[in-house]
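J.: Could you have a look at this structure, given as structure tokens, before my questions?
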Amino acid sequence: MDLHAEIILEDYRNNLETFEIIKRVVLEQLNAYVKSFGSIVNSVEARIKTEKSLAGKLALKGDKYQDIFDITDLVGARVVTFYNDEVDKFAAQVEKSFNIDWDNSIDKRKMYNVDQFGYMSLHYICSIPEEMYKDDAHPNVNKFRFEIQLRSNLQHTWATIYHDTGYKNDIEVPREYLRNLNRLAGLLELADDKFVEIRTSLDDYRRRVKQIVKSGDFSQVELNIDSFNAYLENGGFDMLNYRIATINNMEIEEISLRNFLSVFKNLGFSTLKQLDDFKKKYSDLAYEFSVRQFSGKDIDIISNATGPLNLAVVYVLSNDMGEIVVKRILDRVYGERKSNANQAHRLTAIGKHMGLVKDIEE
């Protein structure tokens, strides 16, 4: 290695602490973007180029760099999103927050003709503005440039596969393999677009379901996780729970009612209207059941699962499904535990006293 490269390597060693600061600041900013967007991303990561890697780079093309500040990838960060349209969300924030070296940044997504496919990623060469971070003890923090790569999960898959071939560009790839690589790139690009299309359609569907449920027209609404959540958001079992809470002037603890979806589907309800009709038909009976369950007891708090649970129990007992089905409901709502059998027995006993069942099952 020549003297010029040795000088750059020595500068690299002297600035390792600065590189650590840059890495930390960049990661903090990128993770803040994730939090502000409410996005779930595949990964946010950063690395400092190793001395061995830098030495190899200088051995190949050290004459390209006048000094260490000419090397733009000593610190590198990458965000891998699940959807390709989220890449542009992050890109807008990166452009807004960091100083961008536009001459050296590149959007590889725009490099291909309409009949070409291949590596797609957005690469920014950036530096940290002083208004974001300034440290008089490490002035080079704002001088060094670094790279931020933004790509979707499938774009990252392609990059990983292509890198694994060991070739630097398409020209090096043997012709008999190039066609298959390009076909794969096309498929991944199509899948990327289709995932966004499906997510957008699902978002539109959920908005429509929320509007329909809010209007109170349940006749054509399938009972599924989206409609059930919308039903809960619009009051679902709130009135019954409030009514039950008045028995002992009890407080209501909020827990997730997600597990009740499978309970109601297993009871045979397939539309939101069937669920709502069931609630209206059995609410008074569920309240009477609750009076027998809580009246005179030293209980000052119940969960919001009490209403839907007692609705399901009185329905099961009134339709001669028995104690074993009550236990299955408890297993679904609370998870399988030994106490569910005893609780199912107690609930069935209340039903017996109300005349819902003829005998307590053994």
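Just remember, in the structure tokens the first chain shown is A, the second B, etc., residues are 1-based per chain, and ligands are 1-based in the order shown.
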Got a sec: who's within 12 Å of Gln343 (chain A), counting only C-alpha atoms, leaving out chain neighbours fewer than 2 positions off, as a count of residues only?
T.: 22
J.: Region 209-222 of chain A: which residues within 8 Å, counting only C-alpha atoms, same-chain residues fewer than 4 positions away excluded, as a PDB file with all heavy atoms, in the first residue's frame?
T.:
ATOM      1  N   TYR A 205     -61.040  -0.925   2.076  1.00  0.00           N
ATOM      2  CA  TYR A 205     -62.082  -1.805   2.599  1.00  0.00           C
ATOM      3  C   TYR A 205     -62.370  -1.501   4.069  1.00  0.00           C
ATOM      4  O   TYR A 205     -63.530  -1.401   4.492  1.00  0.00           O
ATOM      5  CB  TYR A 205     -61.660  -3.260   2.434  1.00  0.00           C
ATOM      6  CG  TYR A 205     -62.502  -4.243   3.214  1.00  0.00           C
ATOM      7  CD1 TYR A 205     -63.786  -4.596   2.786  1.00  0.00           C
ATOM      8  CD2 TYR A 205     -62.022  -4.813   4.385  1.00  0.00           C
ATOM      9  CE1 TYR A 205     -64.558  -5.483   3.508  1.00  0.00           C
ATOM     10  CE2 TYR A 205     -62.786  -5.709   5.118  1.00  0.00           C
ATOM     11  CZ  TYR A 205     -64.053  -6.040   4.666  1.00  0.00           C
ATOM     12  OH  TYR A 205     -64.812  -6.906   5.395  1.00  0.00           O
ATOM     13  N   ASP A 226     -61.964  -6.980  10.844  1.00  0.00           N
ATOM     14  CA  ASP A 226     -62.136  -5.557  10.561  1.00  0.00           C
ATOM     15  C   ASP A 226     -63.507  -5.060  11.013  1.00  0.00           C
ATOM     16  O   ASP A 226     -63.614  -4.018  11.662  1.00  0.00           O
ATOM     17  CB  ASP A 226     -61.935  -5.288   9.071  1.00  0.00           C
ATOM     18  CG  ASP A 226     -60.522  -5.610   8.612  1.00  0.00           C
ATOM     19  OD1 ASP A 226     -59.575  -5.128   9.270  1.00  0.00           O
ATOM     20  OD2 ASP A 226     -60.363  -6.332   7.629  1.00  0.00           O
ATOM     21  N   SER A 227     -64.566  -5.811  10.669  1.00  0.00           N
ATOM     22  CA  SER A 227     -65.907  -5.385  11.055  1.00  0.00           C
ATOM     23  C   SER A 227     -66.095  -5.494  12.568  1.00  0.00           C
ATOM     24  O   SER A 227     -66.761  -4.660  13.193  1.00  0.00           O
ATOM     25  CB  SER A 227     -66.969  -6.209  10.323  1.00  0.00           C
ATOM     26  OG  SER A 227     -66.878  -7.583  10.655  1.00  0.00           O
ATOM     27  N   ALA A 230     -64.435  -2.551  14.168  1.00  0.00           N
ATOM     28  CA  ALA A 230     -65.265  -1.353  13.945  1.00  0.00           C
ATOM     29  C   ALA A 230     -66.492  -1.374  14.857  1.00  0.00           C
ATOM     30  O   ALA A 230     -66.907  -0.340  15.384  1.00  0.00           O
ATOM     31  CB  ALA A 230     -65.691  -1.281  12.485  1.00  0.00           C
ATOM     32  N   TYR A 231     -67.070  -2.555  15.048  1.00  0.00           N
ATOM     33  CA  TYR A 231     -68.224  -2.709  15.938  1.00  0.00           C
ATOM     34  C   TYR A 231     -67.849  -2.332  17.371  1.00  0.00           C
ATOM     35  O   TYR A 231     -68.594  -1.610  18.057  1.00  0.00           O
ATOM     36  CB  TYR A 231     -68.706  -4.155  15.869  1.00  0.00           C
ATOM     37  CG  TYR A 231     -69.988  -4.457  16.612  1.00  0.00           C
ATOM     38  CD1 TYR A 231     -71.213  -4.007  16.132  1.00  0.00           C
ATOM     39  CD2 TYR A 231     -69.969  -5.195  17.790  1.00  0.00           C
ATOM     40  CE1 TYR A 231     -72.396  -4.295  16.802  1.00  0.00           C
ATOM     41  CE2 TYR A 231     -71.142  -5.488  18.474  1.00  0.00           C
ATOM     42  CZ  TYR A 231     -72.352  -5.035  17.970  1.00  0.00           C
ATOM     43  OH  TYR A 231     -73.523  -5.312  18.642  1.00  0.00           O
ATOM     44  N   ASN A 234     -67.391   1.380  17.878  1.00  0.00           N
ATOM     45  CA  ASN A 234     -68.656   2.120  17.895  1.00  0.00           C
ATOM     46  C   ASN A 234     -69.561   1.715  19.072  1.00  0.00           C
ATOM     47  O   ASN A 234     -70.769   1.879  19.018  1.00  0.00           O
ATOM     48  CB  ASN A 234     -69.393   1.923  16.572  1.00  0.00           C
ATOM     49  CG  ASN A 234     -68.813   2.763  15.466  1.00  0.00           C
ATOM     50  OD1 ASN A 234     -69.123   3.937  15.328  1.00  0.00           O
ATOM     51  ND2 ASN A 234     -67.913   2.172  14.685  1.00  0.00           N
ATOM     52  N   SER A 270     -72.133 -15.266  11.338  1.00  0.00           N
ATOM     53  CA  SER A 270     -71.279 -14.997  10.177  1.00  0.00           C
ATOM     54  C   SER A 270     -71.399 -13.562   9.671  1.00  0.00           C
ATOM     55  O   SER A 270     -70.610 -13.135   8.835  1.00  0.00           O
ATOM     56  CB  SER A 270     -71.624 -15.957   9.031  1.00  0.00           C
ATOM     57  OG  SER A 270     -72.983 -15.826   8.649  1.00  0.00           O
ATOM     58  N   THR A 271     -72.385 -12.820  10.169  1.00  0.00           N
ATOM     59  CA  THR A 271     -72.536 -11.415   9.784  1.00  0.00           C
ATOM     60  C   THR A 271     -72.626 -10.555  11.037  1.00  0.00           C
ATOM     61  O   THR A 271     -72.969 -11.034  12.123  1.00  0.00           O
ATOM     62  CB  THR A 271     -73.797 -11.180   8.927  1.00  0.00           C
ATOM     63  OG1 THR A 271     -74.965 -11.381   9.742  1.00  0.00           O
ATOM     64  CG2 THR A 271     -73.831 -12.121   7.723  1.00  0.00           C
ATOM     65  N   LEU A 272     -72.342  -9.274  10.855  1.00  0.00           N
ATOM     66  CA  LEU A 272     -72.428  -8.351  11.980  1.00  0.00           C
ATOM     67  C   LEU A 272     -73.876  -8.193  12.448  1.00  0.00           C
ATOM     68  O   LEU A 272     -74.131  -7.986  13.634  1.00  0.00           O
ATOM     69  CB  LEU A 272     -71.844  -6.998  11.571  1.00  0.00           C
ATOM     70  CG  LEU A 272     -71.177  -6.175  12.670  1.00  0.00           C
ATOM     71  CD1 LEU A 272     -70.106  -6.972  13.382  1.00  0.00           C
ATOM     72  CD2 LEU A 272     -70.598  -4.896  12.081  1.00  0.00           C
ATOM     73  N   LYS A 273     -74.822  -8.307  11.522  1.00  0.00           N
ATOM     74  CA  LYS A 273     -76.232  -8.203  11.902  1.00  0.00           C
ATOM     75  C   LYS A 273     -76.633  -9.352  12.837  1.00  0.00           C
ATOM     76  O   LYS A 273     -77.353  -9.139  13.818  1.00  0.00           O
ATOM     77  CB  LYS A 273     -77.131  -8.201  10.665  1.00  0.00           C
ATOM     78  CG  LYS A 273     -78.603  -7.965  10.980  1.00  0.00           C
ATOM     79  CD  LYS A 273     -79.441  -7.902   9.723  1.00  0.00           C
ATOM     80  CE  LYS A 273     -80.866  -7.468  10.036  1.00  0.00           C
ATOM     81  NZ  LYS A 273     -81.501  -8.260  11.100  1.00  0.00           N
TER      82      LYS A 273
END
J.: What gap, in Å, lies between CA of Phe144 (chain A) and CA of Gln66 (chain A)?
T.: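 Value for the CA of Phe144 (chain A)-CA of Gln66 (chain A) distance: 13.8 Å.
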J.: I need the residues of region 306-340 of chain A that end up classed as alpha helix (DSSP H) by DSSP on the backbone, written out as a list in words.
T.: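 Listing alpha helix (DSSP H) positions across region 306-340 of chain A yields Thr306, Gly307, Pro308, Leu309, Asn310, Leu311, Ala312, Val313, Val314, Tyr315, Val316, Leu317, Ser318, Glu323, Ile324, Val325, Val326, Lys327, Arg328, Ile329, Leu330, Asp331, Arg332, Val333, Tyr334, Ser339 and Asn340 of chain A.
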J.: Dump N, CA and C atoms for the selected residues as a compact mmCIF listing (two decimals), in the first residue's frame?
T.:
# COMPACT_ATOMS: atom_id res chain seq x y z
N THR A 306 -66.73 -8.80 30.45
CA THR A 306 -67.83 -9.38 31.21
C THR A 306 -69.11 -9.43 30.39
N GLY A 307 -69.43 -8.33 29.72
CA GLY A 307 -70.66 -8.29 28.93
C GLY A 307 -70.70 -9.33 27.83
N PRO A 308 -69.73 -9.31 26.91
CA PRO A 308 -69.75 -10.31 25.84
C PRO A 308 -69.62 -11.73 26.35
N LEU A 309 -68.86 -11.95 27.42
CA LEU A 309 -68.73 -13.30 27.96
C LEU A 309 -70.07 -13.81 28.49
N ASN A 310 -70.75 -12.99 29.26
CA ASN A 310 -72.03 -13.43 29.82
C ASN A 310 -73.10 -13.58 28.73
N LEU A 311 -73.01 -12.77 27.70
CA LEU A 311 -73.90 -12.97 26.55
C LEU A 311 -73.69 -14.36 25.95
N ALA A 312 -72.42 -14.70 25.73
CA ALA A 312 -72.10 -16.00 25.14
C ALA A 312 -72.52 -17.14 26.05
N VAL A 313 -72.33 -16.98 27.37
CA VAL A 313 -72.66 -18.05 28.31
C VAL A 313 -74.17 -18.29 28.35
N VAL A 314 -74.96 -17.23 28.45
CA VAL A 314 -76.42 -17.44 28.52
C VAL A 314 -76.94 -18.00 27.20
N TYR A 315 -76.30 -17.64 26.09
CA TYR A 315 -76.70 -18.20 24.80
C TYR A 315 -76.42 -19.70 24.77
N VAL A 316 -75.24 -20.08 25.21
CA VAL A 316 -74.84 -21.49 25.22
C VAL A 316 -75.75 -22.30 26.13
N LEU A 317 -75.99 -21.81 27.33
CA LEU A 317 -76.81 -22.56 28.28
C LEU A 317 -78.27 -22.60 27.86
N SER A 318 -78.75 -21.52 27.27
CA SER A 318 -80.15 -21.50 26.81
C SER A 318 -80.39 -22.43 25.64
N GLU A 323 -71.99 -27.21 29.81
CA GLU A 323 -70.83 -26.68 30.54
C GLU A 323 -69.53 -26.82 29.76
N ILE A 324 -69.40 -27.88 29.00
CA ILE A 324 -68.15 -28.09 28.26
C ILE A 324 -67.91 -26.98 27.23
N VAL A 325 -69.00 -26.48 26.63
CA VAL A 325 -68.87 -25.38 25.67
C VAL A 325 -68.53 -24.08 26.40
N VAL A 326 -69.10 -23.89 27.59
CA VAL A 326 -68.75 -22.72 28.40
C VAL A 326 -67.25 -22.72 28.68
N LYS A 327 -66.70 -23.88 29.02
CA LYS A 327 -65.26 -23.96 29.28
C LYS A 327 -64.45 -23.64 28.03
N ARG A 328 -64.92 -24.12 26.89
CA ARG A 328 -64.21 -23.82 25.63
C ARG A 328 -64.18 -22.32 25.37
N ILE A 329 -65.27 -21.64 25.70
CA ILE A 329 -65.32 -20.19 25.53
C ILE A 329 -64.30 -19.52 26.44
N LEU A 330 -64.24 -19.95 27.68
CA LEU A 330 -63.26 -19.40 28.62
C LEU A 330 -61.83 -19.65 28.13
N ASP A 331 -61.60 -20.84 27.58
CA ASP A 331 -60.27 -21.16 27.05
C ASP A 331 -59.90 -20.22 25.91
N ARG A 332 -60.87 -19.89 25.07
CA ARG A 332 -60.59 -19.01 23.93
C ARG A 332 -60.36 -17.57 24.37
N VAL A 333 -61.13 -17.13 25.36
CA VAL A 333 -61.04 -15.74 25.80
C VAL A 333 -59.79 -15.50 26.65
N TYR A 334 -59.53 -16.39 27.60
CA TYR A 334 -58.47 -16.18 28.57
C TYR A 334 -57.25 -17.08 28.38
N SER A 339 -58.13 -23.11 36.07
CA SER A 339 -59.27 -22.46 36.74
C SER A 339 -60.49 -22.34 35.84
N ASN A 340 -60.32 -22.50 34.52
CA ASN A 340 -61.46 -22.34 33.61
C ASN A 340 -62.53 -23.40 33.86
J.: Just the strand (DSSP E or B) stuff from region 116-354 of chain A, please, per backbone DSSP, written as a list in words.
T.: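 Residues of region 116-354 of chain A classed as strand (DSSP E or B): Leu122, His123, Tyr124, Ile125, Cys126, Ser127, Phe146, Glu147, Ile148, Gln149, Leu150, Arg151, Ser152, Glu222, Glu251, Ile252, Glu253, Thr271, Ile301, Ile302 and Ser303 of chain A.
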J.: When you count only C-alpha atoms, which of these residues is closest to Ala46 (chain A): A:Val75, A:Met239, A:Ile301, A:Leu232?
T.: A:Val75
J.: Hey, which of A:Tyr33, A:Tyr124, A:Phe146, A:Tyr83 ends up closest to Asp70 (chain A)? Count only C-alpha atoms.
T.: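 Looking at the shortest contact to Asp70 (chain A), the residue is A:Phe146.
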J.: In Å, rounded to a single decimal, give me how far CA of Leu187 (chain A) is from CA of Glu147 (chain A).
T.: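 Between CA of Glu147 (chain A) and CA of Leu187 (chain A) the gap is 27.9 Å.
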J.: Record the distance separating CA of Ile244 (chain A) and CA of Glu288 (chain A), expressed in Å with one decimal.
T.: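 Here the two named atoms are 8.9 Å from each other.
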J.: Please determine, counting only C-alpha atoms, which residue among A:Glu51, A:Asp320, A:Glu131, A:Glu95 has the shortest atom-to-atom distance to Leu16 (chain A).
T.: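 The closest residue to Leu16 (chain A) is A:Glu51.
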J.: A:Arg78, A:Lys35, A:Lys297, A:Lys64: which is nearest Gln149 (chain A), counting only C-alpha atoms?
T.: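 Smallest separation from Gln149 (chain A) among the options: A:Arg78.
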J.: For Lys134 (chain A), which residue among A:Thr18, A:Ser295, A:Gln274, A:Ser53 is the nearest when counting only C-alpha atoms?
T.: A:Thr18
J.: With distances taken over only C-alpha atoms, which of A:Phe82, A:Trp158, A:Tyr12, A:Phe90 is nearest to Ala32 (chain A)?
T.: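 Comparing A:Phe82, A:Trp158, A:Tyr12, A:Phe90 against Ala32 (chain A), the winner is A:Phe90.
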